[in-house]
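S.K.: Sharing input-v1.txt (compact mmCIF, C-alpha atoms and all ligand atoms) below.
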# COMPACT_ATOMS: atom_id res chain seq x y z
CA MET A 42 166.83 56.87 57.75
CA SER A 43 166.72 59.94 59.91
CA HIS A 44 166.77 59.69 63.65
CA GLN A 45 164.26 62.46 64.21
CA TYR A 46 163.34 61.17 67.65
CA LEU A 47 166.87 61.41 69.09
CA LYS A 48 167.18 65.03 68.01
CA THR A 49 164.01 66.07 69.83
CA GLN A 50 164.36 64.10 73.10
CA PRO A 51 165.12 65.34 75.71
CA ASN A 52 164.36 69.10 75.54
CA GLU A 53 167.06 71.71 76.38
CA LYS A 54 166.38 71.38 80.10
CA GLY A 55 166.83 67.63 79.96
CA PHE A 56 163.16 66.70 80.23
CA PHE A 57 161.57 63.74 78.51
CA GLY A 58 158.00 64.98 78.76
CA GLU A 59 157.48 65.48 82.50
CA TYR A 60 160.37 63.17 83.47
CA GLY A 61 164.11 63.63 83.89
CA GLY A 62 165.46 67.13 84.50
CA SER A 63 168.14 67.86 87.07
CA PHE A 64 167.22 68.04 90.75
CA VAL A 65 170.62 68.65 92.35
CA PRO A 66 172.32 71.22 94.66
CA GLU A 67 173.53 74.41 93.00
CA VAL A 68 177.26 73.53 93.08
CA LEU A 69 176.55 70.31 91.28
CA GLN A 70 174.26 72.03 88.77
CA LYS A 71 177.20 74.12 87.55
CA GLU A 72 179.13 70.93 86.85
CA MET A 73 176.16 69.34 85.10
CA ASP A 74 175.82 72.46 82.90
CA SER A 75 179.47 72.35 81.90
CA ILE A 76 179.34 68.62 81.12
CA THR A 77 176.20 69.25 79.04
CA ALA A 78 177.88 72.06 77.08
CA ALA A 79 181.01 69.96 76.55
CA TYR A 80 178.96 67.00 75.46
CA TYR A 81 177.07 69.00 72.82
CA SER A 82 180.23 70.50 71.37
CA ILE A 83 182.93 67.83 71.73
CA SER A 84 180.96 64.66 71.14
CA LYS A 85 179.59 65.99 67.85
CA SER A 86 183.06 66.82 66.51
CA HIS A 87 184.60 64.86 63.67
CA GLU A 88 187.66 63.92 65.79
CA PHE A 89 185.60 62.56 68.65
CA ILE A 90 183.33 60.50 66.42
CA THR A 91 186.26 59.13 64.42
CA GLU A 92 188.16 58.14 67.55
CA LEU A 93 185.11 56.52 69.18
CA ARG A 94 184.41 54.52 66.02
CA ALA A 95 187.99 53.22 65.95
CA ILE A 96 187.78 52.23 69.63
CA ARG A 97 184.53 50.36 69.03
CA LYS A 98 185.97 48.45 66.13
CA HIS A 99 189.49 47.63 67.33
CA PHE A 100 189.19 47.52 71.13
CA GLN A 101 185.60 46.48 71.78
CA GLY A 102 185.20 44.17 68.80
CA ARG A 103 182.15 45.91 67.33
CA PRO A 104 179.93 45.40 65.51
CA THR A 105 178.68 42.53 67.65
CA PRO A 106 176.71 39.96 65.62
CA THR A 107 172.97 39.49 65.38
CA TYR A 108 172.22 35.79 65.60
CA PHE A 109 169.19 33.68 64.63
CA CYS A 110 168.39 31.10 67.34
CA LYS A 111 167.46 28.16 65.16
CA ASN A 112 167.29 25.58 67.94
CA LEU A 113 165.41 27.76 70.40
CA SER A 114 162.94 28.87 67.70
CA ASN A 115 162.33 25.22 66.75
CA LYS A 116 161.41 24.60 70.37
CA THR A 117 159.17 27.63 70.93
CA GLY A 118 157.81 28.46 67.49
CA GLY A 119 158.28 31.94 66.04
CA ARG A 120 161.69 33.26 65.10
CA ILE A 121 163.95 34.49 67.91
CA TYR A 122 167.07 36.59 67.18
CA LEU A 123 169.73 37.84 69.60
CA LYS A 124 171.81 41.01 69.44
CA ARG A 125 175.03 39.63 70.95
CA GLU A 126 176.18 42.30 73.41
CA ASP A 127 177.59 39.39 75.44
CA LEU A 128 180.35 39.38 72.79
CA ASN A 129 181.24 43.04 73.40
CA HIS A 130 184.63 43.34 75.22
CA THR A 131 184.21 42.71 78.99
CA GLY A 132 181.07 40.70 78.24
CA ALA A 133 178.24 43.24 78.36
CA HIS A 134 176.83 46.41 76.84
CA LYS A 135 178.08 48.66 79.68
CA LEU A 136 181.46 49.24 78.02
CA ASN A 137 179.66 51.11 75.18
CA HIS A 138 178.89 54.09 77.38
CA CYS A 139 181.98 53.76 79.59
CA MET A 140 184.29 54.17 76.56
CA GLY A 141 182.22 57.18 75.46
CA GLU A 142 182.39 58.74 78.93
CA GLY A 143 186.14 57.98 79.14
CA LEU A 144 186.80 59.59 75.76
CA LEU A 145 184.82 62.68 76.79
CA ALA A 146 186.90 62.85 80.00
CA LYS A 147 190.09 62.73 77.95
CA TYR A 148 188.94 65.57 75.69
CA LEU A 149 187.99 67.59 78.80
CA GLY A 150 191.47 67.08 80.26
CA LYS A 151 190.16 65.20 83.32
CA LYS A 152 192.53 62.98 85.29
CA LYS A 153 190.15 60.75 87.20
CA LEU A 154 186.92 58.80 86.56
CA ILE A 155 184.66 58.37 89.61
CA ALA A 156 181.64 56.10 89.92
CA GLU A 157 179.65 53.84 92.19
CA THR A 158 179.01 50.20 91.51
CA GLY A 159 176.53 47.69 92.92
CA ALA A 160 177.43 44.21 91.72
CA GLY A 161 180.67 45.53 90.22
CA GLN A 162 179.73 45.30 86.51
CA HIS A 163 179.78 49.06 85.97
CA GLY A 164 182.96 49.33 88.04
CA VAL A 165 184.74 46.77 85.86
CA ALA A 166 183.61 48.44 82.61
CA LEU A 167 184.69 51.87 83.83
CA ALA A 168 188.03 50.58 85.15
CA THR A 169 188.60 49.08 81.68
CA ALA A 170 187.94 52.47 80.06
CA ALA A 171 190.27 54.19 82.56
CA ALA A 172 193.06 51.72 81.81
CA TYR A 173 192.61 52.30 78.07
CA PHE A 174 192.73 56.10 78.38
CA GLY A 175 195.44 56.15 81.05
CA LEU A 176 193.15 57.81 83.60
CA GLU A 177 192.84 57.21 87.34
CA CYS A 178 189.69 55.41 88.43
CA GLU A 179 187.93 55.48 91.80
CA ILE A 180 185.03 53.10 92.37
CA HIS A 181 182.79 53.43 95.41
CA MET A 182 181.28 50.15 96.51
CA GLY A 183 179.31 49.09 99.59
CA GLU A 184 181.10 46.79 102.02
CA VAL A 185 178.28 44.27 101.69
CA ASP A 186 178.68 44.21 97.90
CA ILE A 187 182.47 43.97 98.16
CA ALA A 188 182.09 40.77 100.17
CA LYS A 189 179.48 39.34 97.76
CA GLU A 190 181.17 40.24 94.47
CA HIS A 191 184.77 39.30 95.12
CA PRO A 192 185.77 38.42 91.49
CA ASN A 193 184.67 41.84 90.23
CA VAL A 194 186.61 43.56 93.03
CA VAL A 195 189.73 41.66 91.92
CA ARG A 196 189.07 42.60 88.27
CA MET A 197 188.80 46.30 89.12
CA LYS A 198 192.07 46.16 91.06
CA LEU A 199 193.84 44.30 88.23
CA LEU A 200 192.68 47.03 85.87
CA GLY A 201 194.26 49.62 88.15
CA ALA A 202 191.18 51.08 89.85
CA THR A 203 190.98 52.08 93.52
CA VAL A 204 187.99 50.48 95.23
CA ILE A 205 186.64 52.64 98.07
CA PRO A 206 184.57 50.64 100.59
CA VAL A 207 181.37 52.40 101.68
CA THR A 208 180.70 51.61 105.31
CA HIS A 209 177.60 53.62 106.28
CA GLY A 210 173.87 52.83 106.12
CA LEU A 211 172.97 49.57 104.41
CA LYS A 212 176.45 49.54 102.79
CA THR A 213 175.03 48.85 99.32
CA LEU A 214 174.25 50.70 96.08
CA LYS A 215 172.33 53.73 97.34
CA GLU A 216 175.07 54.69 99.86
CA SER A 217 177.70 54.14 97.16
CA VAL A 218 175.99 56.68 94.89
CA ASP A 219 176.05 59.25 97.73
CA SER A 220 179.69 58.49 98.49
CA ALA A 221 180.77 58.76 94.82
CA PHE A 222 178.91 62.07 94.41
CA ASP A 223 180.63 63.44 97.55
CA ALA A 224 184.06 62.46 96.21
CA TYR A 225 183.26 64.06 92.87
CA LEU A 226 182.10 67.30 94.51
CA LYS A 227 185.45 67.59 96.33
CA ASP A 228 187.38 67.75 93.05
CA PRO A 229 185.16 68.54 90.05
CA ILE A 230 188.03 70.19 88.15
CA ASN A 231 190.20 67.08 87.83
CA SER A 232 187.57 64.39 88.01
CA ILE A 233 184.37 63.41 86.24
CA TYR A 234 181.46 61.34 87.47
CA CYS A 235 180.52 58.47 85.15
CA ILE A 236 177.06 57.11 85.71
CA GLY A 237 176.21 53.47 84.99
CA SER A 238 172.87 53.72 83.19
CA VAL A 239 170.34 56.11 81.61
CA VAL A 240 169.60 57.57 85.06
CA GLY A 241 170.72 60.54 87.19
CA PRO A 242 170.46 64.26 86.41
CA HIS A 243 170.64 65.71 82.87
CA PRO A 244 172.78 65.21 80.76
CA PHE A 245 173.48 61.60 81.85
CA PRO A 246 170.28 59.90 80.63
CA MET A 247 170.77 61.48 77.19
CA MET A 248 174.52 60.91 77.04
CA VAL A 249 174.37 57.25 78.03
CA ARG A 250 171.50 56.62 75.59
CA ASP A 251 173.43 58.23 72.75
CA PHE A 252 176.52 56.11 73.50
CA GLN A 253 174.33 52.97 73.57
CA HIS A 254 172.50 53.94 70.37
CA VAL A 255 175.13 52.04 68.36
CA VAL A 256 173.50 48.78 69.54
CA GLY A 257 170.18 49.66 67.89
CA VAL A 258 171.78 51.04 64.73
CA GLU A 259 173.83 47.89 64.20
CA ALA A 260 170.96 45.56 65.06
CA ARG A 261 168.53 47.25 62.66
CA GLU A 262 171.00 47.10 59.79
CA GLN A 263 171.93 43.47 60.54
CA PHE A 264 168.34 42.35 60.90
CA LEU A 265 167.37 43.96 57.57
CA GLU A 266 170.33 42.35 55.88
CA MET A 267 169.51 38.91 57.30
CA THR A 268 165.76 38.89 56.69
CA GLY A 269 164.89 41.72 54.33
CA GLU A 270 162.44 43.14 56.87
CA LEU A 271 162.26 44.68 60.31
CA PRO A 272 161.47 42.55 63.39
CA ASP A 273 157.88 42.46 64.65
CA VAL A 274 159.06 42.94 68.23
CA VAL A 275 162.27 44.21 69.87
CA THR A 276 162.77 43.41 73.55
CA ALA A 277 165.33 44.05 76.30
CA CYS A 278 165.59 43.80 80.07
CA VAL A 279 165.19 47.06 82.03
CA GLY A 280 167.14 47.90 85.18
CA GLY A 281 168.20 51.52 84.85
CA GLY A 282 167.35 51.00 81.20
CA SER A 283 170.55 51.63 79.19
CA ASN A 284 170.71 48.44 77.12
CA ALA A 285 166.98 48.78 76.39
CA MET A 286 167.30 52.44 75.30
CA GLY A 287 170.29 51.45 73.15
CA ILE A 288 168.38 48.91 71.10
CA PHE A 289 164.96 50.66 71.23
CA SER A 290 166.42 53.92 69.94
CA GLY A 291 167.43 52.17 66.71
CA PHE A 292 163.78 51.25 66.00
CA ILE A 293 161.83 54.03 67.65
CA ASP A 294 160.95 55.81 64.40
CA ASP A 295 159.69 52.49 62.93
CA GLU A 296 156.06 52.71 64.01
CA ASN A 297 155.27 49.10 63.16
CA VAL A 298 157.98 47.63 65.37
CA ARG A 299 156.63 46.82 68.85
CA LEU A 300 159.08 47.65 71.66
CA VAL A 301 158.83 45.70 74.92
CA GLY A 302 160.83 46.36 78.11
CA VAL A 303 161.08 43.45 80.56
CA GLU A 304 161.33 44.32 84.26
CA PRO A 305 162.34 41.97 87.08
CA GLY A 306 159.25 40.43 88.70
CA GLY A 307 161.45 38.88 91.40
CA ARG A 308 160.01 36.44 93.99
CA SER A 309 156.54 37.95 94.24
CA LEU A 310 154.78 41.27 93.75
CA LYS A 311 155.00 42.18 97.46
CA ILE A 312 156.99 45.30 98.38
CA GLY A 313 160.66 44.37 98.58
CA ASP A 314 160.27 41.22 96.46
CA HIS A 315 160.67 42.75 92.98
CA ALA A 316 162.11 45.79 91.18
CA ALA A 317 159.50 46.51 88.49
CA SER A 318 159.37 50.30 88.85
CA LEU A 319 157.69 51.13 85.54
CA SER A 320 155.05 48.42 85.95
CA TYR A 321 154.20 49.11 89.60
CA GLY A 322 155.79 52.45 90.60
CA LYS A 323 154.60 56.05 90.74
CA PRO A 324 156.37 59.23 89.54
CA GLY A 325 158.82 60.79 92.02
CA VAL A 326 162.37 62.16 92.36
CA LEU A 327 165.47 60.10 93.24
CA HIS A 328 169.21 60.66 92.61
CA GLY A 329 168.54 63.95 90.83
CA PHE A 330 165.88 62.97 88.27
CA ARG A 331 162.11 62.49 88.02
CA SER A 332 160.83 59.10 86.94
CA TYR A 333 158.60 56.18 87.89
CA LEU A 334 159.85 54.90 91.26
CA LEU A 335 158.98 52.20 93.75
CA GLN A 336 158.41 54.38 96.80
CA ASN A 337 156.42 54.67 99.99
CA ASP A 338 153.87 57.39 100.88
CA LYS A 339 156.67 59.70 102.05
CA GLY A 340 158.43 59.47 98.68
CA GLU A 341 161.27 57.35 100.09
CA PRO A 342 162.49 54.53 97.85
CA ASN A 343 161.14 51.07 98.71
CA PRO A 344 163.52 48.16 99.20
CA VAL A 345 163.87 46.21 95.96
CA TYR A 346 165.04 42.75 94.99
CA SER A 347 165.90 40.82 91.83
CA ILE A 348 167.79 37.59 91.21
CA ALA A 349 169.81 39.71 88.73
CA SER A 350 171.78 42.28 90.72
CA GLY A 351 172.08 44.54 87.65
CA LEU A 352 168.30 45.06 87.67
CA ASP A 353 168.05 45.75 91.38
CA TYR A 354 167.19 49.51 91.42
CA PRO A 355 164.00 51.25 92.67
CA GLY A 356 163.70 53.46 89.55
CA SER A 357 164.39 53.46 85.80
CA GLY A 358 165.54 56.08 83.34
CA PRO A 359 163.24 59.07 82.72
CA GLU A 360 162.99 58.35 79.00
CA HIS A 361 161.37 55.00 79.77
CA SER A 362 158.81 56.80 81.94
CA MET A 363 157.86 59.04 79.03
CA LEU A 364 157.75 56.15 76.54
CA LYS A 365 155.50 54.23 78.94
CA ASP A 366 153.02 57.11 79.23
CA GLN A 367 153.07 57.58 75.45
CA GLY A 368 152.45 53.86 74.97
CA ARG A 369 155.38 53.67 72.51
CA VAL A 370 157.06 51.03 74.69
CA GLU A 371 155.17 48.36 76.66
CA TYR A 372 156.60 47.21 79.98
CA VAL A 373 156.05 43.67 81.23
CA THR A 374 157.72 41.51 83.88
CA ALA A 375 159.48 38.16 84.03
CA ASN A 376 159.98 36.60 87.45
CA ASP A 377 162.99 34.80 88.96
CA ALA A 378 161.74 31.32 88.02
CA GLU A 379 161.12 32.27 84.36
CA CYS A 380 164.53 33.95 84.23
CA VAL A 381 166.41 30.92 85.58
CA ASP A 382 164.49 28.64 83.23
CA SER A 383 165.61 30.72 80.24
CA PHE A 384 169.18 30.85 81.59
CA PHE A 385 169.31 27.04 81.46
CA THR A 386 167.43 26.74 78.16
CA LEU A 387 169.58 29.17 76.16
CA SER A 388 172.76 27.59 77.56
CA ARG A 389 171.62 24.08 76.66
CA VAL A 390 170.00 24.58 73.25
CA GLU A 391 172.11 27.39 71.76
CA GLY A 392 175.45 27.14 73.56
CA ILE A 393 175.12 30.69 74.89
CA ILE A 394 175.21 31.26 78.68
CA PRO A 395 173.28 34.52 79.18
CA ALA A 396 173.56 36.97 82.08
CA LEU A 397 170.67 36.62 84.54
CA GLU A 398 169.69 40.20 83.63
CA SER A 399 169.43 39.34 79.92
CA SER A 400 167.63 36.06 80.72
CA HIS A 401 164.56 38.14 81.68
CA ALA A 402 164.29 39.36 78.07
CA VAL A 403 164.89 35.85 76.72
CA ALA A 404 162.05 34.60 78.95
CA TYR A 405 159.64 37.11 77.44
CA ALA A 406 160.83 36.23 73.91
CA GLN A 407 160.18 32.53 74.49
CA LYS A 408 156.68 33.22 75.76
CA TYR A 409 155.91 35.62 72.90
CA ALA A 410 157.31 33.30 70.21
CA HIS A 411 155.26 30.41 71.56
CA GLU A 412 152.05 32.45 71.38
CA ASN A 413 152.91 34.09 68.00
CA PRO A 414 154.49 31.40 65.82
CA ARG A 415 154.52 33.58 62.66
CA LYS A 416 156.32 36.56 64.21
CA THR A 417 159.97 37.60 64.58
CA ILE A 418 161.39 38.86 67.87
CA LEU A 419 164.80 40.46 68.42
CA VAL A 420 166.27 40.27 71.95
CA ASN A 421 169.09 42.46 73.22
CA LEU A 422 171.31 39.88 74.93
CA SER A 423 172.91 42.51 77.16
CA GLY A 424 175.63 40.32 78.70
CA ARG A 425 177.14 36.90 79.23
CA GLY A 426 176.42 34.76 82.27
CA ASP A 427 179.87 33.63 83.41
CA LYS A 428 179.58 36.01 86.36
CA ASP A 429 176.42 34.20 87.49
CA ILE A 430 177.49 30.56 87.41
CA ASP A 431 178.61 30.30 91.06
CA PHE A 432 175.31 31.75 92.24
CA ILE A 433 173.35 29.36 90.02
CA LEU A 434 175.36 26.37 91.19
CA GLU A 435 174.76 27.23 94.85
CA ASN A 436 171.02 27.80 94.47
CA TYR A 437 169.72 25.63 91.63
CA GLU A 438 170.07 22.17 90.23
CA ILE A 439 171.30 21.95 86.63
CA PRO A 440 168.36 20.32 84.83
CA SER A 441 168.94 16.83 83.45
CA LYS A 442 168.44 16.30 79.70
C1 LIG B 501 173.97 46.30 84.40
C2 LIG B 501 173.37 45.31 83.48
C3 LIG B 501 172.01 45.43 83.05
C4 LIG B 501 171.08 46.48 83.57
O1 LIG B 501 171.39 47.77 83.20
P1 LIG B 501 170.53 48.59 82.15
O2 LIG B 501 171.00 49.99 82.34
O3 LIG B 501 169.08 48.41 82.48
O4 LIG B 501 170.84 48.05 80.81
C5 LIG B 501 171.53 44.49 82.15
N1 LIG B 501 172.30 43.49 81.69
C6 LIG B 501 173.60 43.35 82.06
C7 LIG B 501 174.38 42.21 81.52
C8 LIG B 501 174.17 44.25 82.97
O5 LIG B 501 175.45 44.09 83.35
Could I get this file's structure written as structure tokens?
Ligand SMILES: *Cc1c(COP(=O)(O)O)cnc(C)c1O

M.R.:
Amino acid sequence: MSHQYLKTQPNEKGFFGEYGGSFVPEVLQKEMDSITAAYYSISKSHEFITELRAIRKHFQGRPTPTYFCKNLSNKTGGRIYLKREDLNHTGAHKLNHCMGEGLLAKYLGKKKLIAETGAGQHGVALATAAAYFGLECEIHMGEVDIAKEHPNVVRMKLLGATVIPVTHGLKTLKESVDSAFDAYLKDPINSIYCIGSVVGPHPFPMMVRDFQHVVGVEAREQFLEMTGELPDVVTACVGGGSNAMGIFSGFIDDENVRLVGVEPGGRSLKIGDHAASLSYGKPGVLHGFRSYLLQNDKGEPNPVYSIASGLDYPGSGPEHSMLKDQGRVEYVTANDAECVDSFFTLSRVEGIIPALESSHAVAYAQKYAHENPRKTILVNLSGRGDKDIDFILENYEIPSK
């Protein structure tokens, strides 16, 4: 099948409809333009594609399986399938775009990968790519996050990355983005900025989506082979939106497949208690791109919260904003309680401990399957939950049988 959609979105200026673009200072715009040009030429070359395919197969362990949840489906009704990105090397989908960004850096002759990280998941994936390609890696991380996410800090150091503590402002993700951008601006010749999701200025939302597209391509093929048809619904959790764009992009030209993005409903729908930017935000500009954002009247980002730190961002990728307005993708929420419930259920009945991020999508799938017993639903299980077990143990009681 042809992927007509991917060839037409975004436009040459990096817009998905009225969203996206590149709202950055002039010096940075030059860098963005050269990365865009390099991306269009290098990443379409036979050598690049061949090398990336080999990496995916031999280093990452792709293709990851698609799995029918027999026990869970017996419980809920319907037929629930998982795309097992938890089995991708390092335990989540993030390595898909980090290996792509690392390979591009190698072809461009860069020496150093620079990025921010919140909970440390993106930092670990990027440090893995840097180790593989023999590149330096500098990860900017808020002091507050460094204290909270100790195991990931150790992982990054083991993998050879330098972790730069960010000590100003709230000392969390937003300040880390600023700090990483500053470091990148000081040495754009030798270094390259590697963003962690389908966010930021053009070309990042497009580039990260294209590197994640493999998830949707594999899942579509596997699902057809297993069942002889396409799923009725495909669903994924949405933070910045990269795992969701990865799987959605494989089905976007299939008009009869419903696509559903699940945002974190958090503790309540009060400001600061959730991070459902597409469901409850308004269009605005943050970190160099236009998208739905949770913001106040002055256009400043609102505080956000989610039990899953990977979903804890006041915006989402610009492509999701366009797909929402077009109605091609529906956006719903799952709250903390529903997420934790699914975390325990999937662990107990299928033997798969899901990341708290991914558990939001599982929660929606369970609800949908229960209400639509004759339908099939495919969930992108974006990552494994080993990283979350200490938090769960401290805050929840493991349910008795
Ligand atoms: C980071 C992360 C997410 C959220 O990022 P997206 O760009 O929205 O995919 C989801 N799941 C896992 C396991 C993550 O580590």

S.K.: Just the residues within 8 Å of Thr158 (chain A), please, counting only C-alpha atoms, with nothing from its chain fewer than 6 positions along; format it as a list in words.

M.R.: Gly164, Ile180, His181, Met182, Leu214, Ser217, Val218 and Gly237 of chain A

S.K.: Okay, now the selection with C-alpha atoms, as an mmCIF file, in the frame of the given file?

M.R.:
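So the final result, stored in part.cif, reads:
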data_model
loop_
_atom_site.group_PDB
_atom_site.id
_atom_site.type_symbol
_atom_site.label_atom_id
_atom_site.label_comp_id
_atom_site.auth_asym_id
_atom_site.auth_seq_id
_atom_site.Cartn_x
_atom_site.Cartn_y
_atom_site.Cartn_z
ATOM 1 C CA GLY A 164 182.960 49.330 88.040
ATOM 2 C CA ILE A 180 185.030 53.100 92.370
ATOM 3 C CA HIS A 181 182.790 53.430 95.410
ATOM 4 C CA MET A 182 181.280 50.150 96.510
ATOM 5 C CA LEU A 214 174.250 50.700 96.080
ATOM 6 C CA SER A 217 177.700 54.140 97.160
ATOM 7 C CA VAL A 218 175.990 56.680 94.890
ATOM 8 C CA GLY A 237 176.210 53.470 84.990
#

S.K.: Rounded to one decimal place, report the CA of Arg94 (chain A)-CA of Asp273 (chain A) distance in Å.

M.R.: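 Pair CA of Arg94 (chain A) / CA of Asp273 (chain A) returns 29.2 Å.
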
S.K.: Quick one, how far is CA of Gly307 (chain A) from CA of Ser347 (chain A)?

M.R.: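 It comes out at 4.9 Å.
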
S.K.: Identify, on the basis of all atoms listed in the file, every residue whose closest approach to Gly150 (chain A) does not exceed 12 Å; exclude the query and any residue fewer than 4 positions from it along the same chain; express the result as a list in words.

M.R.: Ala79, Gly143, Leu144, Leu145, Ala146, Leu154, Phe174, Gly175, Leu176, Pro229, Ile230, Asn231, Ser232 and Ile233 of chain A

S.K.: In Å, with one decimal, what is the gap from CA of Ser75 (chain A) to CA of Glu92 (chain A)?

M.R.: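 Atom-to-atom, CA of Ser75 (chain A) to CA of Glu92 (chain A), that is 22.0 Å.
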
S.K.: Pick out the residues sitting within 10 Å of Glu53 (chain A), and hand them over as a list in words; count only C-alpha atoms, and ignore anything fewer than 2 positions along from it in its own chain.

M.R.: Thr49, Gln50, Pro51, Gly55, Phe56, Phe57, Gly62, Thr77, His243 and Pro244 of chain A

S.K.: Kindly provide, as JSON, numbers by chain, all nucleotide and amino acid residues lying within 7 Å of ligand LIG 501 (chain B), counting all atoms listed in the file.

M.R.: {"A": [133, 134, 135, 162, 163, 237, 238, 239, 278, 279, 280, 281, 282, 283, 284, 285, 351, 352, 396, 398, 399, 423, 424, 425]}
